[in-house]
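Have a look at the structure below, then the notes.
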Amino acid sequence: MVGAFVGVAARGSAQEGPSAALLATSVGGGVAADVGESFDRVLAAELQALGRVRLQGSAALRFADVQLALGCEGETPACLGAVARELGVRRLLLSNLDRVGAELVLSVALYDADADAAPRRVARRAAGPDGAGALLGEVRGLLVELLGEGQDQPAAPAEAEPAEPAPVPTLPPPRGPDDGRLAGAGAVAFAGLAVLGLGAAFGVSALERTATYERAPADTVADAEEAARRFVQAREDAITANVLFVVGGVVAAAGLAWLIGELVDTGGGDVALAPVVGPTFAGVAASGAWR
């Protein structure tokens, strides 16, 4: 299934802050996934209420999936910077909910692409049967500590004499897609499809070799050795097919994202697209606006 994530600029008091993306809360230590989703909703609501950042999109993308799509690992400045650029934001917020012994621990990391330094992380802990509820009440204080009181808020404008109305800007004429970039995007997508086709061929070969192995007689030592050889070949073909499917899927998704961007963004919009590949899905992540 091909899914798409389209970022929409948040409205409200956060319009003047730096752009930011809140990624889905990762859970561990036996914490249920729906508990993490509850924290996603509360974090997003509190971020908009605080007005320190201009939140874009919703907490639908997992950091691990975006890392896989971009081919980077760990919460390093290089990897986080690549994620921020693809999502078209200055800041990334990554939350984690884990159970450590009898305690439930919520931590949120903040990465600023302008600083290009290691992310800063703030945590809260709670114990007892209602630890999740207690941590939900700590979200606002955690975010205030993480973002800083009044950080990045615009200064109040000084009073000035009334000025003449500014002229209404004229929008530039729509631009058409660039033929060279279209050809490049099509070539990347075609290469991905070709790799997928090669993976399918290896998959068919693996199935045929497996069927031959299962039908082969084992009456003599020579028969048994021949059957074992066919089994090893079938396993190698299956591994090759899996690798080609993953590589082909990523390349095809990247080409498709590029192609969609060239065909759709013809009016000067500010759009960032990136392929997203997970264990059970592949798609295109987009953030920004088409004009």
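Chain labels A, B, ... are given in the sequence in which chains occur in the structure tokens; within each chain residues are numbered consecutively from 1, and ligands are likewise numbered from 1 in the order shown.
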Exercise: segment 117-134 of chain A partners within 9 Å, only C-alpha atoms, chain neighbours under 2 positions left out, as a PyMOL selection string: chain A and resi 35+39+75-77+80+92+94+102-115+136-139+142-143+145-146
Please, could you write that set of residues out with N, CA, C and O atoms as a CSV table (one decimal), in the first residue's frame?
```
chain,number,residue,atom,x,y,z
A,35,VAL,N,-1.1,4.3,24.1
A,35,VAL,CA,-0.7,5.3,25.1
A,35,VAL,C,0.2,6.3,24.5
A,35,VAL,O,0.1,7.5,24.7
A,39,PHE,N,-0.1,10.6,24.1
A,39,PHE,CA,0.9,11.6,24.4
A,39,PHE,C,1.2,12.5,23.1
A,39,PHE,O,1.4,13.7,23.2
A,75,GLU,N,20.5,9.6,16.6
A,75,GLU,CA,20.1,11.0,16.7
A,75,GLU,C,21.3,11.9,16.7
A,75,GLU,O,21.7,12.6,17.6
A,76,THR,N,22.0,11.8,15.5
A,76,THR,CA,23.2,12.6,15.3
A,76,THR,C,22.8,13.9,14.5
A,76,THR,O,21.8,13.9,13.9
A,77,PRO,N,23.6,14.9,14.7
A,77,PRO,CA,23.2,16.2,14.0
A,77,PRO,C,23.1,16.0,12.5
A,77,PRO,O,22.3,16.6,11.8
A,80,LEU,N,19.7,14.0,11.9
A,80,LEU,CA,18.6,14.9,12.3
A,80,LEU,C,18.5,16.1,11.3
A,80,LEU,O,17.4,16.5,10.9
A,92,LEU,N,13.1,19.9,15.1
A,92,LEU,CA,12.5,18.5,15.3
A,92,LEU,C,12.2,18.3,16.7
A,92,LEU,O,13.1,18.5,17.6
A,94,LEU,N,11.4,15.0,19.2
A,94,LEU,CA,11.3,13.6,19.2
A,94,LEU,C,11.0,13.1,20.6
A,94,LEU,O,11.7,13.4,21.6
A,102,ALA,N,9.7,0.2,37.9
A,102,ALA,CA,8.3,0.6,38.3
A,102,ALA,C,8.0,2.0,37.8
A,102,ALA,O,6.9,2.5,38.1
A,103,GLU,N,8.9,2.7,37.1
A,103,GLU,CA,8.6,4.0,36.7
A,103,GLU,C,8.3,4.1,35.2
A,103,GLU,O,8.9,3.3,34.4
A,104,LEU,N,7.5,5.1,34.8
A,104,LEU,CA,7.2,5.4,33.4
A,104,LEU,C,8.0,6.7,33.1
A,104,LEU,O,7.8,7.7,33.9
A,105,VAL,N,8.8,6.7,32.1
A,105,VAL,CA,9.7,7.8,31.8
A,105,VAL,C,9.3,8.4,30.4
A,105,VAL,O,9.2,7.7,29.4
A,106,LEU,N,9.0,9.7,30.4
A,106,LEU,CA,8.7,10.5,29.2
A,106,LEU,C,9.9,11.4,29.0
A,106,LEU,O,10.2,12.2,29.8
A,107,SER,N,10.5,11.4,27.8
A,107,SER,CA,11.5,12.3,27.4
A,107,SER,C,11.2,12.9,26.1
A,107,SER,O,10.7,12.2,25.2
A,108,VAL,N,11.6,14.2,25.9
A,108,VAL,CA,11.4,14.8,24.6
A,108,VAL,C,12.7,15.5,24.2
A,108,VAL,O,13.3,16.2,25.0
A,109,ALA,N,13.2,15.3,23.0
A,109,ALA,CA,14.4,15.9,22.5
A,109,ALA,C,14.1,17.0,21.5
A,109,ALA,O,13.1,16.8,20.7
A,110,LEU,N,14.9,18.0,21.5
A,110,LEU,CA,14.7,19.2,20.6
A,110,LEU,C,16.0,19.3,19.8
A,110,LEU,O,17.0,19.5,20.3
A,111,TYR,N,15.8,19.3,18.5
A,111,TYR,CA,16.9,19.5,17.6
A,111,TYR,C,16.7,20.8,16.8
A,111,TYR,O,15.6,21.0,16.2
A,112,ASP,N,17.7,21.7,16.7
A,112,ASP,CA,17.6,23.0,16.0
A,112,ASP,C,18.5,22.9,14.8
A,112,ASP,O,19.8,22.8,15.0
A,113,ALA,N,18.0,22.9,13.6
A,113,ALA,CA,18.9,22.8,12.4
A,113,ALA,C,19.8,24.0,12.3
A,113,ALA,O,20.9,23.9,11.8
A,114,ASP,N,19.4,25.2,12.8
A,114,ASP,CA,20.3,26.4,12.7
A,114,ASP,C,21.5,26.2,13.6
A,114,ASP,O,22.6,26.6,13.2
A,115,ALA,N,21.3,25.6,14.7
A,115,ALA,CA,22.5,25.4,15.6
A,115,ALA,C,23.3,24.2,15.2
A,115,ALA,O,24.5,24.2,15.4
A,136,LEU,N,1.1,12.9,31.8
A,136,LEU,CA,0.3,13.8,30.9
A,136,LEU,C,0.2,15.2,31.5
A,136,LEU,O,0.2,16.2,30.8
A,137,GLY,N,0.0,15.3,32.8
A,137,GLY,CA,0.0,16.6,33.5
A,137,GLY,C,1.3,17.3,33.5
A,137,GLY,O,1.3,18.5,33.8
A,138,GLU,N,2.4,16.6,33.2
A,138,GLU,CA,3.7,17.2,33.3
A,138,GLU,C,4.2,17.7,31.9
A,138,GLU,O,5.3,18.3,31.8
A,139,VAL,N,3.4,17.5,30.8
A,139,VAL,CA,3.8,17.8,29.5
A,139,VAL,C,4.1,19.3,29.3
A,139,VAL,O,5.1,19.6,28.7
A,142,LEU,N,7.3,20.3,31.0
A,142,LEU,CA,8.5,19.7,30.2
A,142,LEU,C,8.8,20.6,29.0
A,142,LEU,O,9.9,20.9,28.7
A,143,LEU,N,7.7,20.9,28.2
A,143,LEU,CA,7.9,21.7,27.0
A,143,LEU,C,8.4,23.1,27.3
A,143,LEU,O,9.3,23.6,26.6
A,145,GLU,N,10.3,24.0,29.8
A,145,GLU,CA,11.8,23.8,30.1
A,145,GLU,C,12.6,23.5,28.9
A,145,GLU,O,13.7,24.0,28.7
A,146,LEU,N,12.0,22.7,28.0
A,146,LEU,CA,12.8,22.3,26.8
A,146,LEU,C,12.9,23.5,25.8
A,146,LEU,O,14.0,23.8,25.3
```
Pick from A:Cys79, A:Leu135, A:Ala224, A:Leu244, whichever lies nearest to Phe63 of chain A using only C-alpha atoms: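 The closest residue to Phe63 of chain A is A:Cys79.
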Excluding Gly255 of chain A and its own-chain neighbours fewer than 5 positions away, which residues fall within 9 Å of it when counting only C-alpha atoms? Please give them as a PDB file with N, CA, C and O atoms, in the first residue's frame.
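Written output follows (around_33.pdb):
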```
ATOM      1  N   GLY A 184      15.183  13.208 -15.280  1.00  0.00           N
ATOM      2  CA  GLY A 184      15.933  12.608 -14.183  1.00  0.00           C
ATOM      3  C   GLY A 184      15.036  11.868 -13.217  1.00  0.00           C
ATOM      4  O   GLY A 184      15.347  10.753 -12.784  1.00  0.00           O
ATOM      5  N   ALA A 185      13.876  12.475 -12.865  1.00  0.00           N
ATOM      6  CA  ALA A 185      12.952  11.811 -11.957  1.00  0.00           C
ATOM      7  C   ALA A 185      12.404  10.531 -12.568  1.00  0.00           C
ATOM      8  O   ALA A 185      12.285   9.491 -11.901  1.00  0.00           O
ATOM      9  N   GLY A 186      12.079  10.594 -13.869  1.00  0.00           N
ATOM     10  CA  GLY A 186      11.580   9.385 -14.531  1.00  0.00           C
ATOM     11  C   GLY A 186      12.633   8.292 -14.575  1.00  0.00           C
ATOM     12  O   GLY A 186      12.318   7.102 -14.401  1.00  0.00           O
ATOM     13  N   ALA A 187      13.887   8.687 -14.782  1.00  0.00           N
ATOM     14  CA  ALA A 187      14.962   7.687 -14.829  1.00  0.00           C
ATOM     15  C   ALA A 187      15.141   7.013 -13.477  1.00  0.00           C
ATOM     16  O   ALA A 187      15.335   5.793 -13.386  1.00  0.00           O
ATOM     17  N   VAL A 188      15.073   7.794 -12.389  1.00  0.00           N
ATOM     18  CA  VAL A 188      15.209   7.202 -11.053  1.00  0.00           C
ATOM     19  C   VAL A 188      14.057   6.248 -10.769  1.00  0.00           C
ATOM     20  O   VAL A 188      14.245   5.137 -10.264  1.00  0.00           O
ATOM     21  N   ALA A 189      12.822   6.680 -11.091  1.00  0.00           N
ATOM     22  CA  ALA A 189      11.663   5.809 -10.858  1.00  0.00           C
ATOM     23  C   ALA A 189      11.762   4.539 -11.695  1.00  0.00           C
ATOM     24  O   ALA A 189      11.462   3.428 -11.218  1.00  0.00           O
ATOM     25  N   PHE A 190      12.189   4.675 -12.957  1.00  0.00           N
ATOM     26  CA  PHE A 190      12.325   3.494 -13.817  1.00  0.00           C
ATOM     27  C   PHE A 190      13.394   2.549 -13.279  1.00  0.00           C
ATOM     28  O   PHE A 190      13.226   1.327 -13.317  1.00  0.00           O
ATOM     29  N   ALA A 191      14.503   3.116 -12.772  1.00  0.00           N
ATOM     30  CA  ALA A 191      15.551   2.266 -12.210  1.00  0.00           C
ATOM     31  C   ALA A 191      15.031   1.478 -11.014  1.00  0.00           C
ATOM     32  O   ALA A 191      15.324   0.291 -10.852  1.00  0.00           O
ATOM     33  N   GLY A 192      14.228   2.153 -10.170  1.00  0.00           N
ATOM     34  CA  GLY A 192      13.649   1.442  -9.035  1.00  0.00           C
ATOM     35  C   GLY A 192      12.727   0.316  -9.473  1.00  0.00           C
ATOM     36  O   GLY A 192      12.753  -0.787  -8.910  1.00  0.00           O
ATOM     37  N   VAL A 250      12.786   1.620  -2.312  1.00  0.00           N
ATOM     38  CA  VAL A 250      13.277   2.929  -1.890  1.00  0.00           C
ATOM     39  C   VAL A 250      13.584   3.812  -3.095  1.00  0.00           C
ATOM     40  O   VAL A 250      13.217   4.985  -3.146  1.00  0.00           O
ATOM     41  N   ILE A 260       6.460  13.590  -8.726  1.00  0.00           N
ATOM     42  CA  ILE A 260       5.252  14.286  -8.260  1.00  0.00           C
ATOM     43  C   ILE A 260       5.565  15.748  -7.973  1.00  0.00           C
ATOM     44  O   ILE A 260       4.797  16.654  -8.312  1.00  0.00           O
ATOM     45  N   PRO A 275      10.795  10.063   0.229  1.00  0.00           N
ATOM     46  CA  PRO A 275      10.211   8.727   0.291  1.00  0.00           C
ATOM     47  C   PRO A 275      10.194   8.233   1.731  1.00  0.00           C
ATOM     48  O   PRO A 275      11.096   8.515   2.508  1.00  0.00           O
TER      49      PRO A 275
END
```
Shell around Ala238 of chain A at 9 Å using only C-alpha atoms, local window under 5 positions removed, as a PyMOL selection string: chain A and resi 199+202-207+233+243
Atom CA of Leu50 of chain A to atom CA of Val66 of chain A, distance in Å rounded to a single decimal: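 Separating atom CA of Leu50 of chain A from atom CA of Val66 of chain A is a distance of 26.8 Å.
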Expected answer as a VMD selection string: strand (DSSP E or B) residues in segment 56-135 of chain A: chain A and resid 56 91 to 100 103 to 112 120 to 127
From A:Arg99, A:Arg85, A:Arg140, A:Arg215, residue lying nearest Arg52 of chain A [only C-alpha atoms]: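 Checking each candidate against Arg52 of chain A, we get A:Arg140 as the closest.
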Proximity to Ala21 of chain A - best of A:Leu55, A:Ala228, A:Ala49, A:Ala254, only C-alpha atoms: A:Leu55
